[in-house]
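Enquirer: Supplied structure: final10.cif, mmCIF, C-alpha atoms.
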data_model
#
loop_
_atom_site.group_PDB
_atom_site.id
_atom_site.type_symbol
_atom_site.label_atom_id
_atom_site.label_comp_id
_atom_site.auth_asym_id
_atom_site.auth_seq_id
_atom_site.Cartn_x
_atom_site.Cartn_y
_atom_site.Cartn_z
ATOM 1 C CA MET A 1 26.032 -17.863 1.623
ATOM 2 C CA ASP A 2 24.812 -18.684 -1.908
ATOM 3 C CA HIS A 3 21.569 -20.396 -0.886
ATOM 4 C CA PRO A 4 18.348 -18.379 -0.520
ATOM 5 C CA VAL A 5 17.089 -16.911 2.734
ATOM 6 C CA LEU A 6 13.817 -18.500 3.864
ATOM 7 C CA ALA A 7 11.288 -16.742 6.093
ATOM 8 C CA GLY A 8 8.071 -17.944 7.657
ATOM 9 C CA VAL A 9 5.137 -15.529 7.552
ATOM 10 C CA ASP A 10 1.725 -15.771 9.197
ATOM 11 C CA GLY A 11 0.422 -12.199 9.177
ATOM 12 C CA SER A 12 1.410 -11.531 12.785
ATOM 13 C CA GLU A 13 3.576 -8.618 13.933
ATOM 14 C CA HIS A 14 6.385 -11.034 14.734
ATOM 15 C CA GLY A 15 6.082 -12.671 11.315
ATOM 16 C CA LEU A 16 6.219 -9.331 9.512
ATOM 17 C CA ALA A 17 9.288 -8.325 11.552
ATOM 18 C CA ALA A 18 10.939 -11.613 10.579
ATOM 19 C CA ALA A 19 10.148 -11.110 6.887
ATOM 20 C CA GLU A 20 11.611 -7.592 6.913
ATOM 21 C CA TRP A 21 14.733 -8.783 8.746
ATOM 22 C CA ALA A 22 15.100 -11.635 6.260
ATOM 23 C CA ALA A 23 14.748 -9.240 3.321
ATOM 24 C CA GLY A 24 17.573 -7.077 4.619
ATOM 25 C CA GLU A 25 19.804 -10.112 5.165
ATOM 26 C CA ALA A 26 19.035 -11.523 1.703
ATOM 27 C CA GLU A 27 19.971 -8.161 0.156
ATOM 28 C CA ARG A 28 23.272 -8.108 2.016
ATOM 29 C CA ARG A 29 24.043 -11.657 0.905
ATOM 30 C CA GLY A 30 22.919 -11.053 -2.677
ATOM 31 C CA VAL A 31 20.578 -14.057 -2.656
ATOM 32 C CA PRO A 32 16.818 -14.498 -3.210
ATOM 33 C CA LEU A 33 14.251 -14.379 -0.423
ATOM 34 C CA ARG A 34 11.599 -17.095 -0.207
ATOM 35 C CA LEU A 35 8.495 -16.695 1.972
ATOM 36 C CA VAL A 36 6.464 -19.629 3.241
ATOM 37 C CA HIS A 37 3.070 -19.586 4.920
ATOM 38 C CA ALA A 38 1.575 -22.666 6.547
ATOM 39 C CA ALA A 39 -1.743 -22.536 8.357
ATOM 40 C CA PRO A 40 -1.922 -24.192 11.779
ATOM 41 C CA PRO A 41 -3.654 -27.596 11.555
ATOM 42 C CA LEU A 42 -7.351 -27.867 12.364
ATOM 43 C CA PRO A 43 -8.881 -30.791 14.268
ATOM 44 C CA GLY A 44 -9.557 -33.751 12.002
ATOM 45 C CA ASP A 45 -8.784 -33.552 8.281
ATOM 46 C CA PRO A 46 -9.673 -30.100 6.965
ATOM 47 C CA SER A 47 -8.226 -30.661 3.514
ATOM 48 C CA ALA A 48 -11.568 -31.540 1.910
ATOM 49 C CA GLY A 49 -13.763 -29.199 3.948
ATOM 50 C CA PRO A 50 -14.692 -25.533 3.583
ATOM 51 C CA ALA A 51 -12.541 -24.535 6.579
ATOM 52 C CA GLY A 52 -9.443 -25.951 4.900
ATOM 53 C CA GLU A 53 -10.225 -24.195 1.618
ATOM 54 C CA THR A 54 -10.732 -20.889 3.439
ATOM 55 C CA LEU A 55 -7.413 -21.274 5.217
ATOM 56 C CA ARG A 56 -5.666 -21.939 1.906
ATOM 57 C CA ARG A 57 -7.159 -18.859 0.268
ATOM 58 C CA VAL A 58 -6.293 -16.662 3.246
ATOM 59 C CA GLY A 59 -2.765 -18.054 3.294
ATOM 60 C CA GLU A 60 -2.229 -17.502 -0.422
ATOM 61 C CA HIS A 61 -3.509 -13.931 -0.139
ATOM 62 C CA LEU A 62 -1.254 -13.273 2.849
ATOM 63 C CA VAL A 63 1.826 -14.540 1.006
ATOM 64 C CA GLN A 64 0.992 -12.523 -2.109
ATOM 65 C CA GLU A 65 0.599 -9.350 -0.049
ATOM 66 C CA ALA A 66 3.880 -9.953 1.795
ATOM 67 C CA VAL A 67 5.762 -10.600 -1.463
ATOM 68 C CA ALA A 68 4.297 -7.483 -3.103
ATOM 69 C CA ASP A 69 5.099 -5.308 -0.090
ATOM 70 C CA LEU A 70 8.705 -6.494 0.111
ATOM 71 C CA ARG A 71 9.214 -6.007 -3.636
ATOM 72 C CA VAL A 72 8.146 -2.377 -3.265
ATOM 73 C CA ARG A 73 10.473 -1.717 -0.330
ATOM 74 C CA HIS A 74 13.337 -3.833 -1.702
ATOM 75 C CA PRO A 75 13.112 -3.384 -5.488
ATOM 76 C CA ASP A 76 16.445 -5.091 -6.183
ATOM 77 C CA LEU A 77 15.585 -8.181 -4.161
ATOM 78 C CA ARG A 78 14.217 -11.336 -5.772
ATOM 79 C CA VAL A 79 11.235 -12.345 -3.637
ATOM 80 C CA SER A 80 8.945 -15.348 -4.052
ATOM 81 C CA GLY A 81 6.464 -17.089 -1.805
ATOM 82 C CA ARG A 82 4.202 -20.067 -1.477
ATOM 83 C CA GLN A 83 1.458 -21.519 0.655
ATOM 84 C CA SER A 84 2.201 -24.918 2.225
ATOM 85 C CA ALA A 85 -0.347 -27.550 3.136
ATOM 86 C CA ASP A 86 1.889 -28.833 5.947
ATOM 87 C CA ALA A 87 1.879 -27.710 9.558
ATOM 88 C CA PRO A 88 4.056 -24.610 10.141
ATOM 89 C CA ALA A 89 7.104 -26.242 11.757
ATOM 90 C CA GLY A 90 7.098 -29.163 9.336
ATOM 91 C CA ALA A 91 6.784 -26.884 6.305
ATOM 92 C CA LEU A 92 9.682 -24.675 7.410
ATOM 93 C CA LEU A 93 11.931 -27.613 8.306
ATOM 94 C CA SER A 94 11.280 -29.196 4.916
ATOM 95 C CA GLU A 95 12.061 -25.977 3.037
ATOM 96 C CA ALA A 96 15.147 -25.346 5.179
ATOM 97 C CA HIS A 97 17.068 -28.169 3.477
ATOM 98 C CA ALA A 98 17.549 -25.928 0.426
ATOM 99 C CA ALA A 99 18.076 -22.659 2.337
ATOM 100 C CA GLY A 100 21.176 -20.938 3.612
ATOM 101 C CA LEU A 101 19.276 -19.314 6.468
ATOM 102 C CA LEU A 102 15.806 -19.676 7.998
ATOM 103 C CA VAL A 103 14.237 -16.632 9.673
ATOM 104 C CA VAL A 104 11.173 -16.833 11.925
ATOM 105 C CA GLY A 105 9.380 -14.554 14.327
ATOM 106 C CA ALA A 106 9.781 -15.364 17.983
ATOM 107 C CA ARG A 107 6.083 -16.217 18.091
ATOM 108 C CA GLY A 108 3.208 -16.298 15.689
ATOM 109 C CA SER A 109 -0.409 -15.256 15.781
ATOM 110 C CA GLY A 110 -1.268 -17.884 18.388
ATOM 111 C CA GLY A 111 -0.169 -18.156 21.988
ATOM 112 C CA PHE A 112 -0.773 -15.426 24.569
ATOM 113 C CA ALA A 113 0.432 -11.885 25.231
ATOM 114 C CA GLY A 114 3.255 -12.774 27.622
ATOM 115 C CA LEU A 115 4.698 -15.578 25.486
ATOM 116 C CA ALA A 116 8.289 -14.767 24.494
ATOM 117 C CA VAL A 117 9.010 -17.622 22.082
ATOM 118 C CA GLY A 118 6.429 -19.892 20.486
ATOM 119 C CA SER A 119 6.531 -23.609 19.778
ATOM 120 C CA VAL A 120 7.237 -23.239 16.042
ATOM 121 C CA ALA A 121 10.268 -20.996 16.600
ATOM 122 C CA LEU A 122 11.629 -23.331 19.271
ATOM 123 C CA ARG A 123 11.169 -26.424 17.144
ATOM 124 C CA VAL A 124 12.802 -25.059 13.987
ATOM 125 C CA ALA A 125 15.671 -23.548 15.998
ATOM 126 C CA ALA A 126 16.266 -26.979 17.521
ATOM 127 C CA ALA A 127 15.950 -29.080 14.370
ATOM 128 C CA ALA A 128 16.668 -27.118 11.160
ATOM 129 C CA THR A 129 19.589 -28.221 9.015
ATOM 130 C CA CYS A 130 20.602 -24.600 8.337
ATOM 131 C CA PRO A 131 21.176 -21.692 10.740
ATOM 132 C CA VAL A 132 17.977 -20.194 12.162
ATOM 133 C CA VAL A 133 17.444 -16.567 13.161
ATOM 134 C CA VAL A 134 14.655 -15.902 15.658
ATOM 135 C CA VAL A 135 13.476 -12.289 15.475
ATOM 136 C CA PRO A 136 11.739 -10.854 18.545
ATOM 137 C CA GLY A 137 8.805 -8.526 18.221
ATOM 138 C CA ARG A 138 8.353 -5.305 20.120
ATOM 139 C CA ARG A 139 7.720 -6.249 23.732
ATOM 140 C CA PRO A 140 8.413 -4.856 27.221
ATOM 141 C CA GLY A 141 11.993 -4.871 28.531
ATOM 142 C CA ASP A 142 13.790 -8.173 28.850
ATOM 143 C CA PHE A 143 16.126 -7.220 31.666
ATOM 144 C CA GLY A 144 13.710 -6.377 34.453
ATOM 145 C CA ASN A 145 14.099 -2.595 34.269
ATOM 146 C CA GLY A 146 11.083 -1.785 32.097
ATOM 147 C CA THR A 147 13.085 -0.737 29.031
ATOM 148 C CA ARG A 148 13.851 -2.551 25.845
ATOM 149 C CA ALA A 149 17.366 -2.767 24.479
ATOM 150 C CA ALA A 150 18.230 -0.181 21.858
ATOM 151 C CA ASP A 151 18.895 -1.389 18.332
ATOM 152 C CA GLY A 152 22.601 -2.034 17.950
ATOM 153 C CA SER A 153 25.008 -2.602 15.096
ATOM 154 C CA ASP A 154 27.487 -5.156 16.460
ATOM 155 C CA VAL A 155 27.433 -8.891 15.833
ATOM 156 C CA VAL A 156 27.993 -10.827 19.068
ATOM 157 C CA VAL A 157 29.030 -14.474 19.191
ATOM 158 C CA GLY A 158 29.255 -16.771 22.178
ATOM 159 C CA PHE A 159 32.598 -18.579 22.056
ATOM 160 C CA ASP A 160 34.400 -21.183 24.129
ATOM 161 C CA ALA A 161 38.132 -21.233 23.431
ATOM 162 C CA HIS A 162 38.409 -24.571 25.245
ATOM 163 C CA ARG A 163 36.027 -26.177 22.712
ATOM 164 C CA PRO A 164 35.916 -23.849 19.674
ATOM 165 C CA VAL A 165 33.253 -24.556 17.051
ATOM 166 C CA ASP A 166 34.214 -23.602 13.504
ATOM 167 C CA GLU A 167 30.635 -23.524 12.153
ATOM 168 C CA VAL A 168 29.537 -20.944 14.728
ATOM 169 C CA ALA A 169 32.670 -18.828 14.335
ATOM 170 C CA ASP A 170 32.477 -18.869 10.528
ATOM 171 C CA PHE A 171 28.820 -17.810 10.561
ATOM 172 C CA ALA A 172 29.580 -14.934 12.930
ATOM 173 C CA PHE A 173 32.618 -13.736 10.958
ATOM 174 C CA LYS A 174 30.790 -13.937 7.621
ATOM 175 C CA THR A 175 27.779 -12.093 9.000
ATOM 176 C CA ALA A 176 29.951 -9.336 10.449
ATOM 177 C CA ARG A 177 31.765 -9.069 7.118
ATOM 178 C CA THR A 178 28.572 -8.722 5.055
ATOM 179 C CA ARG A 179 27.281 -6.075 7.473
ATOM 180 C CA GLY A 180 30.567 -4.222 7.849
ATOM 181 C CA ALA A 181 30.009 -4.625 11.572
ATOM 182 C CA LEU A 182 32.218 -5.020 14.608
ATOM 183 C CA LEU A 183 32.339 -8.640 15.812
ATOM 184 C CA ARG A 184 32.302 -9.032 19.580
ATOM 185 C CA VAL A 185 33.502 -12.450 20.733
ATOM 186 C CA VAL A 186 32.213 -13.161 24.241
ATOM 187 C CA GLN A 187 33.650 -15.895 26.433
ATOM 188 C CA ALA A 188 32.264 -16.545 29.882
ATOM 189 C CA TRP A 189 34.502 -18.297 32.374
ATOM 190 C CA ALA A 190 34.299 -19.705 35.909
ATOM 191 C CA PHE A 191 36.849 -20.386 38.609
ATOM 192 C CA PRO A 192 38.607 -23.703 38.148
ATOM 193 C CA VAL A 193 37.729 -26.624 40.402
ATOM 194 C CA GLU A 194 40.863 -26.167 42.498
ATOM 195 C CA ALA A 195 39.724 -22.652 43.430
ATOM 196 C CA VAL A 196 37.344 -24.054 46.051
ATOM 197 C CA SER A 197 38.449 -26.585 48.670
ATOM 198 C CA PRO A 198 38.090 -27.193 52.415
ATOM 199 C CA ARG A 199 41.378 -25.315 52.875
ATOM 200 C CA THR A 200 40.446 -22.343 50.663
ATOM 201 C CA LEU A 201 37.692 -20.029 51.876
ATOM 202 C CA PHE A 202 38.172 -17.281 49.326
ATOM 203 C CA VAL A 203 39.859 -16.567 46.014
ATOM 204 C CA THR A 204 42.688 -14.073 46.106
ATOM 205 C CA GLU A 205 42.832 -11.243 43.587
ATOM 206 C CA GLU A 206 46.186 -12.567 42.428
ATOM 207 C CA ASP A 207 44.746 -16.008 41.652
ATOM 208 C CA ARG A 208 41.744 -14.507 39.928
ATOM 209 C CA ALA A 209 43.953 -12.283 37.756
ATOM 210 C CA THR A 210 46.140 -15.252 36.818
ATOM 211 C CA TRP A 211 43.197 -17.395 35.762
ATOM 212 C CA GLU A 212 41.594 -14.530 33.856
ATOM 213 C CA ASP A 213 44.845 -13.810 32.021
ATOM 214 C CA GLN A 214 44.975 -17.454 30.971
ATOM 215 C CA GLU A 215 41.428 -17.238 29.603
ATOM 216 C CA VAL A 216 42.193 -14.016 27.742
ATOM 217 C CA LEU A 217 45.291 -15.505 26.139
ATOM 218 C CA ARG A 218 43.511 -18.714 25.168
ATOM 219 C CA LEU A 219 40.637 -16.769 23.583
ATOM 220 C CA SER A 220 43.027 -14.426 21.765
ATOM 221 C CA ASP A 221 44.902 -17.379 20.255
ATOM 222 C CA ALA A 222 41.702 -19.161 19.170
ATOM 223 C CA VAL A 223 40.167 -16.039 17.635
ATOM 224 C CA GLY A 224 43.414 -15.044 15.943
ATOM 225 C CA VAL A 225 43.541 -18.315 14.017
ATOM 226 C CA ARG A 226 40.022 -17.729 12.706
ATOM 227 C CA GLN A 227 40.512 -14.048 11.987
ATOM 228 C CA GLU A 228 43.226 -14.908 9.482
ATOM 229 C CA LYS A 229 40.376 -16.079 7.193
ATOM 230 C CA TYR A 230 38.510 -12.777 7.630
ATOM 231 C CA PRO A 231 41.127 -9.993 7.848
ATOM 232 C CA GLU A 232 38.564 -7.331 6.967
ATOM 233 C CA VAL A 233 36.523 -8.002 10.114
ATOM 234 C CA THR A 234 37.254 -5.905 13.203
ATOM 235 C CA VAL A 235 37.077 -8.082 16.329
ATOM 236 C CA ARG A 236 36.775 -7.262 20.004
ATOM 237 C CA THR A 237 37.094 -9.990 22.611
ATOM 238 C CA ASP A 238 35.324 -9.942 25.975
ATOM 239 C CA VAL A 239 36.218 -12.402 28.740
ATOM 240 C CA VAL A 240 33.726 -12.174 31.611
ATOM 241 C CA LEU A 241 33.365 -13.994 34.917
ATOM 242 C CA LEU A 242 29.653 -14.755 34.526
ATOM 243 C CA HIS A 243 27.288 -17.552 33.616
ATOM 244 C CA PRO A 244 27.357 -17.847 29.791
ATOM 245 C CA ALA A 245 23.674 -16.959 29.407
ATOM 246 C CA GLU A 246 24.036 -13.831 31.540
ATOM 247 C CA ALA A 247 27.156 -12.759 29.661
ATOM 248 C CA LEU A 248 25.430 -13.119 26.284
ATOM 249 C CA LEU A 249 22.234 -11.414 27.423
ATOM 250 C CA ASN A 250 24.248 -8.444 28.648
ATOM 251 C CA ALA A 251 26.051 -8.273 25.303
ATOM 252 C CA SER A 252 22.766 -8.486 23.382
ATOM 253 C CA ARG A 253 21.642 -5.102 24.732
ATOM 254 C CA THR A 254 23.723 -3.277 22.114
ATOM 255 C CA ALA A 255 23.859 -5.957 19.399
ATOM 256 C CA ALA A 256 22.224 -6.278 16.015
ATOM 257 C CA LEU A 257 22.556 -10.072 16.149
ATOM 258 C CA LEU A 258 23.586 -12.624 18.762
ATOM 259 C CA VAL A 259 25.088 -15.876 17.436
ATOM 260 C CA VAL A 260 25.038 -19.126 19.424
ATOM 261 C CA GLY A 261 25.481 -22.785 18.560
ATOM 262 C CA ARG A 262 23.382 -25.938 18.715
ATOM 263 C CA ARG A 263 24.881 -29.410 18.725
ATOM 264 C CA THR A 264 23.428 -31.883 16.217
ATOM 265 C CA GLY A 265 23.726 -35.647 15.818
ATOM 266 C CA ARG A 266 21.665 -36.844 18.772
ATOM 267 C CA PRO A 267 21.176 -40.638 18.713
ATOM 268 C CA ASP A 268 17.384 -40.307 18.720
ATOM 269 C CA GLY A 269 17.469 -37.865 15.793
ATOM 270 C CA GLU A 270 15.564 -35.221 17.770
ATOM 271 C CA GLY A 271 16.844 -31.664 17.869
ATOM 272 C CA ARG A 272 17.335 -30.092 21.255
ATOM 273 C CA LEU A 273 18.423 -26.682 22.455
ATOM 274 C CA GLY A 274 20.983 -26.374 25.222
ATOM 275 C CA PRO A 275 20.183 -24.324 28.335
ATOM 276 C CA VAL A 276 22.218 -21.287 27.248
ATOM 277 C CA THR A 277 20.644 -21.160 23.778
ATOM 278 C CA HIS A 278 17.197 -21.666 25.299
ATOM 279 C CA ALA A 279 17.771 -18.789 27.720
ATOM 280 C CA VAL A 280 18.984 -16.290 25.131
ATOM 281 C CA LEU A 281 16.116 -17.123 22.763
ATOM 282 C CA HIS A 282 13.643 -16.173 25.486
ATOM 283 C CA HIS A 283 15.379 -13.093 26.836
ATOM 284 C CA ALA A 284 17.803 -11.579 24.312
ATOM 285 C CA GLY A 285 17.271 -7.969 23.308
ATOM 286 C CA CYS A 286 18.063 -8.630 19.632
ATOM 287 C CA PRO A 287 17.588 -11.337 16.962
ATOM 288 C CA VAL A 288 19.340 -14.607 17.816
ATOM 289 C CA ALA A 289 21.042 -16.862 15.252
ATOM 290 C CA VAL A 290 21.216 -20.559 16.197
ATOM 291 C CA VAL A 291 23.908 -22.337 14.190
ATOM 292 C CA PRO A 292 23.919 -26.158 14.064
ATOM 293 C CA HIS A 293 27.242 -27.910 14.468
ATOM 294 C CA ALA A 294 28.318 -31.522 14.619
ATOM 295 C CA ARG A 295 30.233 -31.482 17.890
#
Before anything else, please render the file you have as structure tokens.
Expert:
Amino acid sequence: MDHPVLAGVDGSEHGLAAAEWAAGEAERRGVPLRLVHAAPPLPGDPSAGPAGETLRRVGEHLVQEAVADLRVRHPDLRVSGRQSADAPAGALLSEAHAAGLLVVGARGSGGFAGLAVGSVALRVAAAATCPVVVVPGRRPGDFGNGTRAADGSDVVVGFDAHRPVDEVADFAFKTARTRGALLRVVQAWAFPVEAVSPRTLFVTEEDRATWEDQEVLRLSDAVGVRQEKYPEVTVRTDVVLLHPAEALLNASRTAALLVVGRRTGRPDGEGRLGPVTHAVLHHAGCPVAVVPHAR
């Protein structure tokens, strides 16, 4: 966690929320905060025209204001910023190579009122070389009951003890340690294939309890190995018989941060989000960290 925290700003409510979240995280890590603004591209080549020059001036002013505001509210934080001539996603992905964390708002100043996550946030979450945190703005409830999740303090991580991913676990443990927060490790499970057959019309409570006990033990063993590296972190494990996305969305209601993974190394070189990560980005009640991993 020695590299700077990078945040994209565009003057929108979501962008300002992302910058403030990034400032708090940079303070906790003891690293600088770097702000980047990139204006959306105009049709044709605006670089030599008056429209392009206006966009550059507006962008530079916006960055300067954001830097000055954060320096006032976080006087011990080293904050810098710059205006990029690249398109927003490209500018952030380029800067992310030297960052320890990239923070973006769920959507920018474009799009429409009901849009949960914009194209820039989705692209950087799918392709950045460093972990990406997507910060939601204030919007109506995400769980269909008309209320928004309350701000929480726990760090929640989605975990699969059958295929544990060290990069995701390490990020979650380190984040919980820097925050002094409880780490909730959530594993969703499903009935094994042999639970359903032409001869079996229902699952007995005894079978269900046996399978669940096996999942609990497997998760406890996998988490215990990793907790040896972070003895100061308090961990709670949750094993739930739900679809992984539903389990994580439920946990996000009382979380400060939800941590999920994204597999890298696709043959075509393109980043892609899995269905669970895609779902939580659109519906989680808290910021979501997407951590790239090689397998």
Enquirer: Here's the selection I'm unsure about, the PyMOL selection byres ((chain A and resi 21) around 10); applied to the file above, which residues does it give, as a list in words?
Expert: Ala7, Gly15, Leu16, Ala17, Ala18, Ala19, Glu20, Ala22, Ala23, Gly24, Glu25, Ala26, Val103, Val104, Gly105, Val133, Val134, Val135 and Pro287 of chain A
Enquirer: Show me the residues around (-1.1, -25.8, 5.6) - criterion: an atom at most 6 Å away, only C-alpha atoms counted - as JSON, numbers by chain.
Expert: {"A": [38, 39, 84, 85, 86, 87]}
Enquirer: I want to know what sits within 12 Å of Arg163 (chain A), based on all atoms listed in the file, with residues of the same chain fewer than 3 positions away left out; could you give that as number ranges by chain?
Expert: A: 158-160, 166, 168-169, 187, 218-219, 222, 261, 295
Enquirer: Residues picked by the PyMOL selection byres ((chain A and resi 293) around 10) here, as a ChimeraX atom specification?
Expert: /A:129-131,165-168,261-265,290-292,294-295
Enquirer: Please evaluate the PyMOL selection byres ((chain A and resi 231-233) around 9) against the displayed coordinates and give the resulting residues as a list in words.
Expert: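 Checked against the file, the PyMOL selection byres ((chain A and resi 231-233) around 9) matches Phe173, Lys174, Ala176, Arg177, Gly180, Ala181, Leu182, Leu183, Gln227, Glu228, Lys229, Tyr230, Thr234 and Val235 of chain A.
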Enquirer: Please give the centre and size of the box around region 58-69 of chain A (axis-aligned, containing every atom listed in the file, 5 Å added per side), with values in Å to one decimal and written as lines of an AutoDock Vina configuration file.
Expert:
center_x = -0.3
center_y = -11.7
center_z = 0.1
size_x = 22.1
size_y = 22.7
size_z = 16.4
Enquirer: Could you tell me how far CA of Gly8 (chain A) sits from CA of Ala91 (chain A), in Å to one decimal place?
Expert: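 Rounded to one decimal, the two atoms are 9.1 Å apart.
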Enquirer: Which is closest to Pro244 (chain A) among A:His14, A:His278, A:Arg34, A:Arg29, if we use all atoms listed in the file?
Expert: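 Ranking A:His14, A:His278, A:Arg34, A:Arg29 by distance to Pro244 (chain A), first place goes to A:His278.
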Enquirer: Just checking: using only C-alpha atoms, which residue out of A:Val240, A:Ala126, A:Val225, A:Val203 ends up closest to Arg272 (chain A)?
Expert: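 Comparing A:Val240, A:Ala126, A:Val225, A:Val203 against Arg272 (chain A), the winner is A:Ala126.
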Enquirer: Output region 122-136 of chain A as a CSV table (one decimal), in the frame of the given file, making sure N, CA and C atoms are there.
Expert:
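Output contents, as saved in rebuild-v3.csv:
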chain,number,residue,atom,x,y,z
A,122,LEU,N,10.8,-22.4,18.5
A,122,LEU,CA,11.6,-23.3,19.3
A,122,LEU,C,11.9,-24.6,18.5
A,123,ARG,N,10.9,-25.2,17.8
A,123,ARG,CA,11.2,-26.4,17.1
A,123,ARG,C,12.1,-26.3,16.0
A,124,VAL,N,11.9,-25.2,15.2
A,124,VAL,CA,12.8,-25.1,14.0
A,124,VAL,C,14.2,-24.7,14.4
A,125,ALA,N,14.3,-23.9,15.5
A,125,ALA,CA,15.7,-23.5,16.0
A,125,ALA,C,16.4,-24.8,16.5
A,126,ALA,N,15.7,-25.8,17.0
A,126,ALA,CA,16.3,-27.0,17.5
A,126,ALA,C,16.5,-28.0,16.5
A,127,ALA,N,15.9,-27.9,15.3
A,127,ALA,CA,16.0,-29.1,14.4
A,127,ALA,C,16.3,-28.7,12.9
A,128,ALA,N,16.4,-27.5,12.6
A,128,ALA,CA,16.7,-27.1,11.2
A,128,ALA,C,18.1,-27.5,10.8
A,129,THR,N,18.3,-27.8,9.5
A,129,THR,CA,19.6,-28.2,9.0
A,129,THR,C,20.4,-27.0,8.7
A,130,CYS,N,19.9,-25.8,8.6
A,130,CYS,CA,20.6,-24.6,8.3
A,130,CYS,C,20.5,-23.7,9.6
A,131,PRO,N,21.3,-22.6,9.6
A,131,PRO,CA,21.2,-21.7,10.7
A,131,PRO,C,19.8,-21.1,10.8
A,132,VAL,N,19.3,-20.8,12.0
A,132,VAL,CA,18.0,-20.2,12.2
A,132,VAL,C,18.1,-18.9,12.9
A,133,VAL,N,17.5,-17.8,12.4
A,133,VAL,CA,17.4,-16.6,13.2
A,133,VAL,C,16.0,-16.4,13.7
A,134,VAL,N,15.9,-16.2,15.0
A,134,VAL,CA,14.7,-15.9,15.7
A,134,VAL,C,14.6,-14.4,16.0
A,135,VAL,N,13.6,-13.7,15.4
A,135,VAL,CA,13.5,-12.3,15.5
A,135,VAL,C,12.4,-11.9,16.5
A,136,PRO,N,12.8,-11.2,17.6
A,136,PRO,CA,11.7,-10.9,18.5
A,136,PRO,C,10.9,-9.7,18.0
